[in-house]
>>> print(open('run.txt').read())   # compact mmCIF, C-alpha atoms and all ligand atoms
# COMPACT_ATOMS: atom_id res chain seq x y z
CA MET A 219 -5.57 -97.19 -47.85
CA SER A 220 -5.91 -96.95 -44.06
CA GLU A 221 -4.41 -93.99 -42.16
CA PRO A 222 -0.87 -94.54 -40.84
CA ARG A 223 -0.72 -94.97 -37.07
CA ARG A 224 2.17 -92.57 -36.69
CA LEU A 225 2.42 -89.04 -35.28
CA LEU A 226 5.10 -86.43 -35.97
CA LEU A 227 6.39 -84.64 -32.87
CA VAL A 228 8.05 -81.33 -33.72
CA ASN A 229 9.89 -79.11 -31.27
CA GLY A 230 11.11 -75.76 -32.53
CA PRO A 231 13.90 -73.33 -31.76
CA ASN A 232 15.68 -73.49 -28.41
CA LEU A 233 13.68 -76.42 -27.06
CA ASN A 234 16.91 -78.44 -27.19
CA LEU A 235 17.84 -76.34 -24.13
CA LEU A 236 15.05 -77.82 -21.99
CA GLY A 237 16.35 -78.97 -18.64
CA THR A 238 19.56 -76.98 -18.93
CA ARG A 239 18.32 -73.43 -18.16
CA GLU A 240 15.22 -71.55 -16.99
CA PRO A 241 13.76 -74.42 -14.91
CA ALA A 242 11.45 -71.92 -13.21
CA VAL A 243 9.73 -71.33 -16.56
CA TYR A 244 10.05 -74.67 -18.35
CA GLY A 245 10.65 -77.19 -15.53
CA PRO A 246 13.49 -79.66 -15.06
CA ALA A 247 12.69 -82.13 -17.86
CA THR A 248 14.88 -82.46 -20.94
CA LEU A 249 13.91 -82.72 -24.58
CA ALA A 250 14.72 -86.45 -24.38
CA ASP A 251 12.17 -86.72 -21.53
CA VAL A 252 9.55 -84.97 -23.69
CA GLU A 253 10.19 -87.29 -26.61
CA LYS A 254 10.08 -90.40 -24.38
CA LEU A 255 6.84 -89.35 -22.65
CA THR A 256 5.17 -88.55 -25.97
CA ALA A 257 6.23 -91.88 -27.49
CA GLU A 258 5.04 -93.84 -24.43
CA VAL A 259 1.61 -92.21 -24.34
CA ALA A 260 1.20 -92.66 -28.09
CA ALA A 261 2.33 -96.30 -27.94
CA ALA A 262 -0.32 -97.06 -25.32
CA LEU A 263 -2.86 -95.78 -27.85
CA GLY A 264 -1.38 -97.75 -30.72
CA TYR A 265 0.61 -94.97 -32.39
CA GLU A 266 4.31 -94.59 -33.20
CA VAL A 267 6.02 -91.20 -32.90
CA ARG A 268 8.71 -89.70 -35.13
CA ALA A 269 10.39 -86.89 -33.19
CA LEU A 270 12.35 -83.94 -34.52
CA GLN A 271 13.76 -80.77 -32.97
CA SER A 272 15.37 -78.03 -35.00
CA ASN A 273 16.45 -74.43 -34.54
CA HIS A 274 15.84 -73.79 -38.25
CA GLU A 275 12.45 -72.77 -39.62
CA GLY A 276 12.99 -74.39 -43.04
CA VAL A 277 13.93 -77.73 -41.49
CA LEU A 278 10.70 -77.66 -39.47
CA ILE A 279 8.68 -76.81 -42.59
CA ASP A 280 10.31 -79.64 -44.55
CA ALA A 281 9.51 -82.08 -41.73
CA VAL A 282 5.87 -80.96 -41.72
CA HIS A 283 5.69 -81.48 -45.50
CA ALA A 284 7.26 -84.96 -45.19
CA ALA A 285 4.60 -85.95 -42.64
CA ARG A 286 2.14 -86.10 -45.54
CA GLU A 287 3.79 -89.35 -46.60
CA ASP A 288 3.42 -91.41 -43.45
CA CYS A 289 1.81 -89.58 -40.50
CA ALA A 290 -1.79 -89.11 -39.43
CA GLY A 291 -1.25 -86.02 -37.28
CA ILE A 292 1.32 -83.61 -35.85
CA ILE A 293 2.14 -82.44 -32.33
CA ILE A 294 4.13 -79.24 -32.42
CA ASN A 295 5.69 -76.87 -29.96
CA PRO A 296 6.90 -74.22 -32.39
CA GLY A 297 8.84 -72.30 -29.71
CA GLY A 298 9.27 -68.62 -30.60
CA LEU A 299 8.06 -69.28 -34.17
CA THR A 300 4.56 -69.50 -32.67
CA HIS A 301 4.54 -65.74 -32.49
CA THR A 302 6.28 -64.92 -35.78
CA SER A 303 5.89 -67.51 -38.52
CA VAL A 304 3.29 -67.27 -41.28
CA ALA A 305 5.42 -69.81 -43.19
CA LEU A 306 5.09 -72.47 -40.50
CA ARG A 307 1.34 -71.83 -40.30
CA ASP A 308 1.08 -72.21 -44.08
CA ALA A 309 3.00 -75.52 -43.93
CA LEU A 310 0.73 -76.89 -41.19
CA THR A 311 -2.47 -75.89 -42.95
CA GLY A 312 -1.00 -76.98 -46.31
CA VAL A 313 -0.50 -80.62 -45.35
CA GLY A 314 -4.14 -80.94 -44.38
CA MET A 315 -3.83 -83.10 -41.29
CA PRO A 316 -4.88 -82.26 -37.73
CA PHE A 317 -2.22 -80.86 -35.45
CA ALA A 318 -1.87 -80.08 -31.77
CA GLU A 319 -0.12 -76.88 -30.61
CA VAL A 320 1.66 -77.34 -27.28
CA HIS A 321 3.28 -74.77 -25.00
CA ILE A 322 5.02 -75.87 -21.84
CA SER A 323 4.69 -72.50 -20.14
CA ASP A 324 1.54 -70.44 -19.72
CA VAL A 325 2.22 -67.99 -22.53
CA TYR A 326 -0.76 -65.86 -21.42
CA ALA A 327 0.90 -65.20 -18.05
CA ARG A 328 4.09 -64.00 -19.75
CA GLU A 329 5.11 -61.09 -21.99
CA LYS A 330 2.40 -59.68 -24.26
CA PHE A 331 4.24 -60.73 -27.44
CA ARG A 332 3.73 -64.37 -26.39
CA HIS A 333 -0.06 -63.98 -26.26
CA PHE A 334 -0.38 -63.97 -30.04
CA SER A 335 -0.15 -67.28 -31.93
CA TYR A 336 -0.17 -67.72 -35.70
CA LEU A 337 -1.54 -71.23 -35.10
CA ASP A 338 -4.29 -70.89 -32.54
CA ASP A 339 -7.17 -70.57 -35.02
CA VAL A 340 -6.05 -73.56 -37.13
CA ALA A 341 -4.85 -76.01 -34.46
CA ALA A 342 -7.20 -78.95 -33.84
CA VAL A 343 -5.92 -79.18 -30.25
CA ARG A 344 -4.15 -76.62 -28.02
CA VAL A 345 -2.50 -77.35 -24.68
CA VAL A 346 -0.91 -74.42 -22.89
CA GLY A 347 0.84 -74.10 -19.55
CA LYS A 348 0.71 -77.71 -18.36
CA GLY A 349 4.45 -78.33 -18.38
CA ILE A 350 5.65 -81.35 -20.29
CA ASP A 351 2.46 -83.24 -19.32
CA GLY A 352 0.87 -81.06 -21.97
CA TYR A 353 2.48 -83.23 -24.64
CA ALA A 354 0.75 -86.29 -23.16
CA ASP A 355 -2.59 -84.45 -23.14
CA ALA A 356 -2.01 -83.38 -26.74
CA VAL A 357 -1.41 -86.99 -27.84
CA ARG A 358 -4.57 -88.18 -26.11
CA GLU A 359 -6.72 -85.38 -27.59
CA LEU A 360 -5.26 -85.73 -31.07
CA VAL A 361 -5.67 -89.51 -31.10
CA ALA A 362 -9.26 -89.13 -29.87
CA LEU A 363 -9.90 -86.92 -32.90
CA LEU A 364 -8.10 -89.25 -35.30
CA ASP A 365 -9.75 -92.41 -34.00
CA GLY A 366 -13.02 -90.54 -33.56
O1 LIG B 1 6.10 -72.44 -23.44
C1 LIG B 1 6.52 -72.90 -24.50
O2 LIG B 1 6.58 -74.11 -24.71
C2 LIG B 1 7.07 -71.98 -25.57
O3 LIG B 1 6.62 -72.46 -26.84
C3 LIG B 1 8.58 -72.05 -25.47
C4 LIG B 1 9.29 -71.06 -26.40
C5 LIG B 1 8.74 -69.65 -26.24
O4 LIG B 1 9.34 -68.79 -27.20
C6 LIG B 1 7.23 -69.62 -26.40
O5 LIG B 1 6.79 -68.30 -26.19
C7 LIG B 1 6.56 -70.55 -25.41
C8 LIG B 1 10.80 -70.99 -26.08
C9 LIG B 1 11.50 -72.29 -25.95
C10 LIG B 1 12.83 -72.05 -25.32
O6 LIG B 1 13.09 -73.11 -24.45
C11 LIG B 1 14.09 -72.97 -23.55
C12 LIG B 1 14.20 -73.98 -22.63
C13 LIG B 1 15.18 -73.90 -21.67
C14 LIG B 1 16.04 -72.82 -21.63
C15 LIG B 1 15.92 -71.81 -22.56
C16 LIG B 1 14.95 -71.89 -23.52
>>> encode(input="run.txt", output="structure tokens")
Amino acid sequence: MSEPRRLLLVNGPNLNLLGTREPAVYGPATLADVEKLTAEVAAALGYEVRALQSNHEGVLIDAVHAAREDCAGIIINPGGLTHTSVALRDALTGVGMPFAEVHISDVYAREKFRHFSYLDDVAAVRVVGKGIDGYADAVRELVALLDG
């Protein structure tokens, strides 16, 4: 069977607050803007996007598992779980599909605890510190890998 032309977009804890606080760090765009941009860039490349945001680690893990059924790849901004979650890493490696790790802010220019990522050695694509345009870059790079 051919690969599904669908991507899962996952945004983790607190990213529902985008555009409401801390614009100096994360910019003025909202989560709805992120989801729209990602869907538009993917559509231009012939992919659909299923988007999900949750503040709950288990919900994110379940969504990653479900992607096995009907997605070809995953774009994820894991929020603070980037720096803490072995379980999310295990889910992402467990489903065996390429994923892109996105961070809106430049985590390397921030507190030291943000410099460590549980995903950086297993992500197929990483985009860090490009604002919400980073999601667009992640789609393009992930699709380039998928369509090879
Ligand atoms: O830069 C990123 O995208 C982060 O993944 C965002 C996470 C942070 O824990 C990571 O270190 C880097 C936090 C997301 C919180 O988003 C907010 C947005 C607006 C207001 C408050 C929080």
>>> residues_near_ligand(input="run.txt", ligand="ligand LIG 1 (chain B)", cutoff="7 Å", atoms="only C-alpha atoms and all ligand atoms", output="ChimeraX atom specification")
/A:231-241,244,295-298,300,320-325,332,347
>>> residues_around(input="run.txt", residues="region 273-290 of chain A", least_positions_apart="3", cutoff="12 Å", atoms="only C-alpha atoms", output="number ranges by chain")
A: 219-235, 265-270, 293-300, 302-318, 357, 360-361, 363-365
>>> atom_distance(input="run.txt", atom1="CA of Leu337 (chain A)", atom2="CA of Asp355 (chain A)")
17.9 Å
>>> axis_aligned_box(input="run.txt", around="region 226-234 of chain A", padding_each_side="3 Å", output="lines of an AutoDock Vina configuration file")
center_x = 11.0
center_y = -79.9
center_z = -31.5
size_x = 17.8
size_y = 19.1
size_z = 14.9
>>> atom_distance(input="run.txt", atom1="CA of Glu258 (chain A)", atom2="CA of Asp338 (chain A)")
26.1 Å
>>> decode(input="run.txt", residues="region 290-316 of chain A", atoms="N, CA, C and O atoms", output="mmCIF file, in the first residue's frame")
data_model
loop_
_atom_site.group_PDB
_atom_site.id
_atom_site.type_symbol
_atom_site.label_atom_id
_atom_site.label_comp_id
_atom_site.auth_asym_id
_atom_site.auth_seq_id
_atom_site.Cartn_x
_atom_site.Cartn_y
_atom_site.Cartn_z
ATOM 1 N N ALA A 290 2.297 9.774 7.524
ATOM 2 C CA ALA A 290 3.610 9.408 7.001
ATOM 3 C C ALA A 290 4.741 10.006 7.831
ATOM 4 O O ALA A 290 5.883 9.534 7.779
ATOM 5 N N GLY A 291 4.433 11.063 8.594
ATOM 6 C CA GLY A 291 5.459 11.716 9.396
ATOM 7 C C GLY A 291 4.826 12.638 10.426
ATOM 8 O O GLY A 291 3.615 12.895 10.381
ATOM 9 N N ILE A 292 5.646 13.122 11.349
ATOM 10 C CA ILE A 292 5.161 13.914 12.476
ATOM 11 C C ILE A 292 5.999 15.184 12.596
ATOM 12 O O ILE A 292 7.232 15.140 12.484
ATOM 13 N N ILE A 293 5.320 16.290 12.844
ATOM 14 C CA ILE A 293 5.986 17.549 13.195
ATOM 15 C C ILE A 293 5.600 17.832 14.628
ATOM 16 O O ILE A 293 4.407 17.880 14.950
ATOM 17 N N ILE A 294 6.586 17.997 15.483
ATOM 18 C CA ILE A 294 6.264 18.146 16.903
ATOM 19 C C ILE A 294 7.068 19.267 17.551
ATOM 20 O O ILE A 294 8.285 19.347 17.370
ATOM 21 N N ASN A 295 6.344 20.130 18.244
ATOM 22 C CA ASN A 295 6.969 21.036 19.205
ATOM 23 C C ASN A 295 6.525 20.517 20.570
ATOM 24 O O ASN A 295 5.391 20.748 20.979
ATOM 25 N N PRO A 296 7.404 19.810 21.255
ATOM 26 C CA PRO A 296 7.002 19.155 22.499
ATOM 27 C C PRO A 296 6.933 20.098 23.697
ATOM 28 O O PRO A 296 6.645 19.650 24.810
ATOM 29 N N GLY A 297 7.199 21.408 23.482
ATOM 30 C CA GLY A 297 7.201 22.343 24.604
ATOM 31 C C GLY A 297 8.205 21.891 25.651
ATOM 32 O O GLY A 297 9.269 21.341 25.331
ATOM 33 N N GLY A 298 7.872 22.076 26.910
ATOM 34 C CA GLY A 298 8.794 21.736 28.001
ATOM 35 C C GLY A 298 9.111 20.253 28.082
ATOM 36 O O GLY A 298 10.149 19.860 28.665
ATOM 37 N N LEU A 299 8.288 19.396 27.478
ATOM 38 C CA LEU A 299 8.556 17.945 27.510
ATOM 39 C C LEU A 299 9.819 17.590 26.728
ATOM 40 O O LEU A 299 10.392 16.521 26.930
ATOM 41 N N THR A 300 10.240 18.506 25.843
ATOM 42 C CA THR A 300 11.512 18.331 25.126
ATOM 43 C C THR A 300 12.629 17.979 26.091
ATOM 44 O O THR A 300 13.488 17.143 25.801
ATOM 45 N N HIS A 301 12.604 18.656 27.225
ATOM 46 C CA HIS A 301 13.743 18.618 28.143
ATOM 47 C C HIS A 301 13.579 17.594 29.262
ATOM 48 O O HIS A 301 14.450 17.468 30.113
ATOM 49 N N THR A 302 12.418 16.897 29.261
ATOM 50 C CA THR A 302 12.115 16.015 30.406
ATOM 51 C C THR A 302 11.642 14.614 30.043
ATOM 52 O O THR A 302 11.687 13.731 30.898
ATOM 53 N N SER A 303 11.128 14.401 28.822
ATOM 54 C CA SER A 303 10.298 13.203 28.615
ATOM 55 C C SER A 303 10.960 12.072 27.824
ATOM 56 O O SER A 303 11.001 12.085 26.588
ATOM 57 N N VAL A 304 11.411 11.061 28.558
ATOM 58 C CA VAL A 304 11.855 9.812 27.929
ATOM 59 C C VAL A 304 10.658 9.118 27.278
ATOM 60 O O VAL A 304 10.772 8.510 26.210
ATOM 61 N N ALA A 305 9.481 9.234 27.910
ATOM 62 C CA ALA A 305 8.287 8.537 27.401
ATOM 63 C C ALA A 305 7.882 9.063 26.023
ATOM 64 O O ALA A 305 7.519 8.282 25.134
ATOM 65 N N LEU A 306 7.952 10.365 25.833
ATOM 66 C CA LEU A 306 7.610 10.929 24.520
ATOM 67 C C LEU A 306 8.657 10.517 23.488
ATOM 68 O O LEU A 306 8.320 10.163 22.348
ATOM 69 N N ARG A 307 9.910 10.515 23.867
ATOM 70 C CA ARG A 307 10.966 10.028 22.962
ATOM 71 C C ARG A 307 10.688 8.580 22.547
ATOM 72 O O ARG A 307 10.770 8.229 21.381
ATOM 73 N N ASP A 308 10.343 7.739 23.541
ATOM 74 C CA ASP A 308 10.092 6.330 23.246
ATOM 75 C C ASP A 308 8.904 6.173 22.296
ATOM 76 O O ASP A 308 8.918 5.304 21.419
ATOM 77 N N ALA A 309 7.868 7.003 22.467
ATOM 78 C CA ALA A 309 6.705 6.944 21.569
ATOM 79 C C ALA A 309 7.136 7.298 20.148
ATOM 80 O O ALA A 309 6.779 6.613 19.180
ATOM 81 N N LEU A 310 7.906 8.374 20.016
ATOM 82 C CA LEU A 310 8.309 8.843 18.683
ATOM 83 C C LEU A 310 9.227 7.837 17.988
ATOM 84 O O LEU A 310 9.089 7.600 16.783
ATOM 85 N N THR A 311 10.131 7.244 18.730
ATOM 86 C CA THR A 311 11.000 6.241 18.093
ATOM 87 C C THR A 311 10.209 4.947 17.860
ATOM 88 O O THR A 311 10.433 4.246 16.877
ATOM 89 N N GLY A 312 9.233 4.684 18.736
ATOM 90 C CA GLY A 312 8.461 3.441 18.658
ATOM 91 C C GLY A 312 7.575 3.340 17.430
ATOM 92 O O GLY A 312 7.322 2.240 16.946
ATOM 93 N N VAL A 313 7.077 4.463 16.938
ATOM 94 C CA VAL A 313 6.178 4.390 15.777
ATOM 95 C C VAL A 313 6.938 4.267 14.458
ATOM 96 O O VAL A 313 6.345 3.959 13.423
ATOM 97 N N GLY A 314 8.228 4.521 14.520
ATOM 98 C CA GLY A 314 9.062 4.234 13.345
ATOM 99 C C GLY A 314 8.762 5.068 12.122
ATOM 100 O O GLY A 314 8.832 4.559 11.003
ATOM 101 N N MET A 315 8.409 6.332 12.320
ATOM 102 C CA MET A 315 8.265 7.210 11.149
ATOM 103 C C MET A 315 9.078 8.477 11.404
ATOM 104 O O MET A 315 9.325 8.835 12.566
ATOM 105 N N PRO A 316 9.531 9.147 10.345
ATOM 106 C CA PRO A 316 10.375 10.320 10.566
ATOM 107 C C PRO A 316 9.594 11.458 11.221
ATOM 108 O O PRO A 316 8.412 11.643 10.939
#
